[in-house]
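To keep things clear, I will list the structure first and then write my remarks on it.
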Amino acid sequence: MVVKVGSSSLTTHSGMIDVDRVDALVDVLAARRLAGTQLVLVSSGAIAAGLGPLGLAARPRDLATQQAAASVGQGVLVARYTSSFARYGLRVGQVLLTADDMMRRAHHANAQRTLARLLDLGIVPIVNENDTVATDEIRFGDNDRLAALVSHLIRADALVLLSDVDALYDGPPSRAGSRRLAEIRGPEDLVGVELGKNGAAVGTGGMVTKVQAARIATGAGVPVVLTAAAHAAHALAGEDIGTYFHPGGRHPGTRLLWLAHATTGRGLLHLDRGAVEAIVARRKSLLPAGVTAVEGEFAAGDPVDLCGPEGRVVARGLVNYDAVEIPDLLGRSTRELATELGPEYERELIHRDDIVILEAHG
Ligand SMILES: Nc1ncnc2c1ncn2[C@@H]1O[C@H](COP(=O)(O)OP(=O)(O)O)[C@@H](O)[C@H]1O
Ligand SMILES: N[C@@H](CCC(=O)OP(=O)(O)O)C(=O)O
């Protein structure tokens, strides 16, 4: 089971760890762990917990100070979890992930293997975004989505999102008359629901990112429960509390889930009509022969958008070449390139396994 807890449920208004609430959450998680459930905790709160020690009154706006606060706060946070779980004889392991780790095949496999090994060893992995190295474009931006990707990565049976609100409501919870939504079966149940920003000062995504996370997880076959951290015991016991998002049946690869939902292209490749057809309808790899132009500065391994002759983005993929190499390859067959430039130029521009079709745009 993956449990994600937000900053507002762990820290005080003055930017300190709220020891009582951390301990109360750990009481629930430890009981469940000791009863035999393997748990991964995705915990926010590094930036919020760094504010007090750095003498900052509010969440800083600039990225560098946010990263500095995260660096200070992450240590404080994990130290607290370590001693809190130790009350039950349980150990924790810190796992910091970036978007790149979810996209690049080797990192993705490493993260998967490390989490599996930690669970085998009886450790409770505590995951957060690696805030100190993540920059604007590569930030997960929100741990709700990170938790959804992790829940698919470890093939979790459930994802529990704990926040400072007890459920998803059809409008702002502070507005009189807003109703709790007990169940979400699909996108049709979200029509007309007002998804607002967060009420607290320390959280980041509000309900928007939680609903996105629920869509990613349920799309990968993982059911999601959203409720307040104070109701964690009931949620983990499977009681009818908060909002339950029913799982769908599909199990797409995690790397591609990430590529589709939580990253942006660093460049753009213009495809001719035949290449669009090959990619979208026949799910083929992209070869240089079908590309007419390249835009942007990117390196091999980066995500790039693919657009058709009308300029509409139809897919996104992880490109195998640097942007500067591509103009010389355009419109030419791989065999011709291999003969002229060497066998390493026979590789496709983007392998079919690294392409995701963007249904929303296509
Ligand atoms: N339709 C809605 N239903 C429930 N909560 C909502 C809704 N719209 C906005 N919110 C706000 O979202 C907040 C939770 O988001 P956030 O602060 O980012 O949480 P966390 O820090 O737990 O990740 C709640 O405090 C609530 O005020
Ligand atoms: N990595 C950031 C988490 C940012 C985030 O997603 O926060 P939240 O909306 O409280 O879950 C931190 O630890 O401060």
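For the structure tokens, the naming scheme is as follows: chains receive sequential letters (A, B, ...) according to their order of presentation, residues are indexed from 1 within each chain, and ligands are indexed from 1 in presentation order.
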
Per residue of chain A within 10 Å of ligand 2, what are the shortest atom pair and its distance in Å to one decimal, counting only C-alpha atoms and all ligand atoms, with rows by chain and residue number, as JSON lines?
{"residue": "A:Lys4", "atom": "CA", "partner": "ligand 2", "partner_atom_place_in_ligand_line": "11 (O)", "distance": 7.7}
{"residue": "A:Val5", "atom": "CA", "partner": "ligand 2", "partner_atom_place_in_ligand_line": "11 (O)", "distance": 6.4}
{"residue": "A:Gly6", "atom": "CA", "partner": "ligand 2", "partner_atom_place_in_ligand_line": "10 (O)", "distance": 3.7}
{"residue": "A:Ser7", "atom": "CA", "partner": "ligand 2", "partner_atom_place_in_ligand_line": "10 (O)", "distance": 3.6}
{"residue": "A:Ser8", "atom": "CA", "partner": "ligand 2", "partner_atom_place_in_ligand_line": "10 (O)", "distance": 5.8}
{"residue": "A:Ser9", "atom": "CA", "partner": "ligand 2", "partner_atom_place_in_ligand_line": "10 (O)", "distance": 7.9}
{"residue": "A:Leu10", "atom": "CA", "partner": "ligand 2", "partner_atom_place_in_ligand_line": "10 (O)", "distance": 8.8}
{"residue": "A:Thr11", "atom": "CA", "partner": "ligand 2", "partner_atom_place_in_ligand_line": "10 (O)", "distance": 9.8}
{"residue": "A:Val42", "atom": "CA", "partner": "ligand 2", "partner_atom_place_in_ligand_line": "11 (O)", "distance": 8.8}
{"residue": "A:Ser43", "atom": "CA", "partner": "ligand 2", "partner_atom_place_in_ligand_line": "13 (O)", "distance": 6.7}
{"residue": "A:Ser44", "atom": "CA", "partner": "ligand 2", "partner_atom_place_in_ligand_line": "13 (O)", "distance": 3.6}
{"residue": "A:Gly45", "atom": "CA", "partner": "ligand 2", "partner_atom_place_in_ligand_line": "13 (O)", "distance": 4.0}
{"residue": "A:Ala46", "atom": "CA", "partner": "ligand 2", "partner_atom_place_in_ligand_line": "13 (O)", "distance": 3.6}
{"residue": "A:Ile47", "atom": "CA", "partner": "ligand 2", "partner_atom_place_in_ligand_line": "14 (O)", "distance": 3.7}
{"residue": "A:Ala48", "atom": "CA", "partner": "ligand 2", "partner_atom_place_in_ligand_line": "14 (O)", "distance": 5.7}
{"residue": "A:Ala49", "atom": "CA", "partner": "ligand 2", "partner_atom_place_in_ligand_line": "14 (O)", "distance": 7.7}
{"residue": "A:Gly50", "atom": "CA", "partner": "ligand 2", "partner_atom_place_in_ligand_line": "14 (O)", "distance": 8.5}
{"residue": "A:Arg59", "atom": "CA", "partner": "ligand 2", "partner_atom_place_in_ligand_line": "14 (O)", "distance": 9.5}
{"residue": "A:Gln66", "atom": "CA", "partner": "ligand 2", "partner_atom_place_in_ligand_line": "14 (O)", "distance": 8.1}
{"residue": "A:Gln67", "atom": "CA", "partner": "ligand 2", "partner_atom_place_in_ligand_line": "14 (O)", "distance": 8.8}
{"residue": "A:Ala69", "atom": "CA", "partner": "ligand 2", "partner_atom_place_in_ligand_line": "14 (O)", "distance": 8.3}
{"residue": "A:Ala70", "atom": "CA", "partner": "ligand 2", "partner_atom_place_in_ligand_line": "14 (O)", "distance": 5.9}
{"residue": "A:Ser71", "atom": "CA", "partner": "ligand 2", "partner_atom_place_in_ligand_line": "13 (O)", "distance": 9.3}
{"residue": "A:Gly73", "atom": "CA", "partner": "ligand 2", "partner_atom_place_in_ligand_line": "13 (O)", "distance": 7.9}
{"residue": "A:Gln74", "atom": "CA", "partner": "ligand 2", "partner_atom_place_in_ligand_line": "13 (O)", "distance": 6.9}
{"residue": "A:Leu77", "atom": "CA", "partner": "ligand 2", "partner_atom_place_in_ligand_line": "13 (O)", "distance": 8.9}
{"residue": "A:Leu96", "atom": "CA", "partner": "ligand 2", "partner_atom_place_in_ligand_line": "1 (N)", "distance": 9.2}
{"residue": "A:Leu97", "atom": "CA", "partner": "ligand 2", "partner_atom_place_in_ligand_line": "1 (N)", "distance": 9.6}
{"residue": "A:Thr98", "atom": "CA", "partner": "ligand 2", "partner_atom_place_in_ligand_line": "1 (N)", "distance": 9.9}
{"residue": "A:Val127", "atom": "CA", "partner": "ligand 2", "partner_atom_place_in_ligand_line": "1 (N)", "distance": 9.2}
{"residue": "A:Asn128", "atom": "CA", "partner": "ligand 2", "partner_atom_place_in_ligand_line": "1 (N)", "distance": 5.5}
{"residue": "A:Glu129", "atom": "CA", "partner": "ligand 2", "partner_atom_place_in_ligand_line": "1 (N)", "distance": 4.7}
{"residue": "A:Asn130", "atom": "CA", "partner": "ligand 2", "partner_atom_place_in_ligand_line": "1 (N)", "distance": 6.9}
{"residue": "A:Asp131", "atom": "CA", "partner": "ligand 2", "partner_atom_place_in_ligand_line": "1 (N)", "distance": 5.6}
{"residue": "A:Thr132", "atom": "CA", "partner": "ligand 2", "partner_atom_place_in_ligand_line": "1 (N)", "distance": 9.2}
{"residue": "A:Ala134", "atom": "CA", "partner": "ligand 2", "partner_atom_place_in_ligand_line": "1 (N)", "distance": 9.6}
{"residue": "A:Arg139", "atom": "CA", "partner": "ligand 2", "partner_atom_place_in_ligand_line": "1 (N)", "distance": 8.9}
{"residue": "A:Phe140", "atom": "CA", "partner": "ligand 2", "partner_atom_place_in_ligand_line": "6 (O)", "distance": 8.0}
{"residue": "A:Gly141", "atom": "CA", "partner": "ligand 2", "partner_atom_place_in_ligand_line": "6 (O)", "distance": 6.2}
{"residue": "A:Asp142", "atom": "CA", "partner": "ligand 2", "partner_atom_place_in_ligand_line": "6 (O)", "distance": 3.5}
{"residue": "A:Asn143", "atom": "CA", "partner": "ligand 2", "partner_atom_place_in_ligand_line": "6 (O)", "distance": 3.8}
{"residue": "A:Asp144", "atom": "CA", "partner": "ligand 2", "partner_atom_place_in_ligand_line": "11 (O)", "distance": 6.0}
{"residue": "A:Arg145", "atom": "CA", "partner": "ligand 2", "partner_atom_place_in_ligand_line": "6 (O)", "distance": 8.2}
{"residue": "A:Leu146", "atom": "CA", "partner": "ligand 2", "partner_atom_place_in_ligand_line": "6 (O)", "distance": 8.3}
{"residue": "A:Ala147", "atom": "CA", "partner": "ligand 2", "partner_atom_place_in_ligand_line": "11 (O)", "distance": 9.5}
{"residue": "A:Leu161", "atom": "CA", "partner": "ligand 2", "partner_atom_place_in_ligand_line": "11 (O)", "distance": 9.2}
{"residue": "A:Leu162", "atom": "CA", "partner": "ligand 2", "partner_atom_place_in_ligand_line": "11 (O)", "distance": 9.0}
{"residue": "A:Ser163", "atom": "CA", "partner": "ligand 2", "partner_atom_place_in_ligand_line": "10 (O)", "distance": 7.9}
{"residue": "A:Asp164", "atom": "CA", "partner": "ligand 2", "partner_atom_place_in_ligand_line": "10 (O)", "distance": 9.5}
{"residue": "A:Asn198", "atom": "CA", "partner": "ligand 2", "partner_atom_place_in_ligand_line": "9 (O)", "distance": 8.0}
{"residue": "A:Ala200", "atom": "CA", "partner": "ligand 2", "partner_atom_place_in_ligand_line": "10 (O)", "distance": 9.1}
{"residue": "A:Ala201", "atom": "CA", "partner": "ligand 2", "partner_atom_place_in_ligand_line": "10 (O)", "distance": 9.4}
{"residue": "A:Val202", "atom": "CA", "partner": "ligand 2", "partner_atom_place_in_ligand_line": "10 (O)", "distance": 6.3}
{"residue": "A:Gly203", "atom": "CA", "partner": "ligand 2", "partner_atom_place_in_ligand_line": "10 (O)", "distance": 3.7}
{"residue": "A:Thr204", "atom": "CA", "partner": "ligand 2", "partner_atom_place_in_ligand_line": "9 (O)", "distance": 3.8}
{"residue": "A:Gly205", "atom": "CA", "partner": "ligand 2", "partner_atom_place_in_ligand_line": "9 (O)", "distance": 5.0}
{"residue": "A:Gly206", "atom": "CA", "partner": "ligand 2", "partner_atom_place_in_ligand_line": "9 (O)", "distance": 6.6}
{"residue": "A:Met207", "atom": "CA", "partner": "ligand 2", "partner_atom_place_in_ligand_line": "9 (O)", "distance": 9.2}
{"residue": "A:Thr209", "atom": "CA", "partner": "ligand 2", "partner_atom_place_in_ligand_line": "9 (O)", "distance": 8.2}
{"residue": "A:Lys210", "atom": "CA", "partner": "ligand 2", "partner_atom_place_in_ligand_line": "9 (O)", "distance": 8.8}

Polymer residues at most 8 Å from stretch 172-180 of chain A, only C-alpha atoms, same-chain spacing of 6 or more positions, as a VMD selection string: chain A and resid 165 194 to 196 242 to 243

Run DSSP on the backbone and tell me which residues of stretch 206-335 of chain A come out as helix (DSSP H, G or I); list them as number ranges by chain.
A: 206-219, 229-236, 254-261, 273-281, 288-290, 323-325, 327-329, 334-335

Pick the closest to ligand 1 from A:Ala58, A:Leu119, A:Val191, A:Ala228: which is it, counting only C-alpha atoms and all ligand atoms?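 Of A:Ala58, A:Leu119, A:Val191, A:Ala228, the one nearest ligand 1 is A:Ala228, counting only C-alpha atoms and all ligand atoms.
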
Long-range neighbours of A:Pro327 as JSON, numbers by chain, 9 Å cut-off, only C-alpha atoms, 3 positions minimum in chain: {"A": [292, 293, 294, 323, 324, 330]}

Point to revise | DSSP strand (DSSP E) residues within stretch 146-348 of chain A, as number ranges by chain | key: A: 159-163, 183-184, 224-228, 243-245, 268-271, 291-295, 303-307, 313-318

One decimal place gives the atom CA of A:Leu159-atom CA of A:Leu181 separation as 17.5 Å

- Excluding same-chain residues fewer than 2 positions from A:Gly265, what lies within 9 Å of it counting only C-alpha atoms, as a VMD selection string? chain A and resid 259 263 267 to 268 302 to 306 316 to 317

Selection from above, N, CA and C atoms, as an mmCIF file, in the first residue's frame, can you write it?
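File selection-v2.cif, as written:
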data_model
loop_
_atom_site.group_PDB
_atom_site.id
_atom_site.type_symbol
_atom_site.label_atom_id
_atom_site.label_comp_id
_atom_site.auth_asym_id
_atom_site.auth_seq_id
_atom_site.Cartn_x
_atom_site.Cartn_y
_atom_site.Cartn_z
ATOM 1 N N LEU A 259 5.521 10.233 -18.656
ATOM 2 C CA LEU A 259 5.783 11.021 -19.858
ATOM 3 C C LEU A 259 4.511 11.734 -20.314
ATOM 4 N N THR A 263 5.200 15.621 -17.601
ATOM 5 C CA THR A 263 6.390 16.289 -18.091
ATOM 6 C C THR A 263 6.014 17.154 -19.290
ATOM 7 N N GLY A 267 11.595 19.917 -26.738
ATOM 8 C CA GLY A 267 11.772 20.289 -28.134
ATOM 9 C C GLY A 267 10.598 19.773 -28.925
ATOM 10 N N LEU A 268 10.641 20.025 -30.222
ATOM 11 C CA LEU A 268 9.516 19.641 -31.081
ATOM 12 C C LEU A 268 10.054 19.053 -32.376
ATOM 13 N N ASP A 302 16.093 13.168 -23.636
ATOM 14 C CA ASP A 302 15.080 14.148 -23.216
ATOM 15 C C ASP A 302 13.715 13.839 -23.843
ATOM 16 N N PRO A 303 12.639 14.287 -23.178
ATOM 17 C CA PRO A 303 11.312 14.176 -23.800
ATOM 18 C C PRO A 303 11.121 15.255 -24.872
ATOM 19 N N VAL A 304 10.613 14.873 -26.023
ATOM 20 C CA VAL A 304 10.286 15.859 -27.073
ATOM 21 C C VAL A 304 8.864 15.587 -27.570
ATOM 22 N N ASP A 305 8.201 16.648 -27.998
ATOM 23 C CA ASP A 305 6.855 16.510 -28.561
ATOM 24 C C ASP A 305 6.952 16.226 -30.057
ATOM 25 N N LEU A 306 5.972 15.484 -30.554
ATOM 26 C CA LEU A 306 5.911 15.160 -31.979
ATOM 27 C C LEU A 306 4.643 15.782 -32.541
ATOM 28 N N ARG A 316 4.456 12.132 -27.555
ATOM 29 C CA ARG A 316 5.678 12.589 -26.894
ATOM 30 C C ARG A 316 6.596 11.381 -26.765
ATOM 31 N N GLY A 317 7.896 11.620 -26.878
ATOM 32 C CA GLY A 317 8.816 10.488 -26.795
ATOM 33 C C GLY A 317 10.166 10.897 -26.250
#

| request: Please provide as a ChimeraX atom specification all residues within 7 Å of A:Met1, with the sequence filter that same-chain residues fewer than 3 positions apart are discarded (counting only C-alpha atoms). | output: /A:38-40,156-159

Under the rule that only C-alpha atoms are counted, which of A:Val76, A:Leu29, A:Ala148, A:Ala116 is the nearest residue to A:Leu90?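 Comparing A:Val76, A:Leu29, A:Ala148, A:Ala116 against A:Leu90, the winner is A:Leu29.
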
Item checked: Within 6 Å of A:Ala289 using only C-alpha atoms, minus same-chain residues under 4 positions, as number ranges by chain -> A: 330-333

Atom 10 (N, counted along the ligand's line) of ligand 1 sits from atom CA of A:Gly221 at a separation of 25.0 Å

In terms of only C-alpha atoms, the residue from A:Ala230, A:Val356, A:Ala299, A:Val319 at minimal distance from A:Asp20 is A:Ala230

* Asked: Counting only C-alpha atoms, what is within 12 Å of A:Val276, bar same-chain residues fewer than 4 positions away, as a list of chain:residue names?
  -> A:Leu269, A:His270, A:Leu271, A:Asp272, A:Val280, A:Ala281, A:Arg282, A:Arg283, A:Lys284, A:Ser285, A:Leu286, A:Leu287, A:Ala289, A:Gly290, A:Val291, A:Thr292, A:Leu306, A:Cys307, A:Gly308, A:Pro309, A:Glu310, A:Gly311, A:Arg312, A:Val313, A:Val314, A:Ala315, A:Arg316, A:Ile357, A:Gly362

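Atom pair atom CA of A:Pro53 / atom CA of A:Gln94: separated by 20.7 Å.
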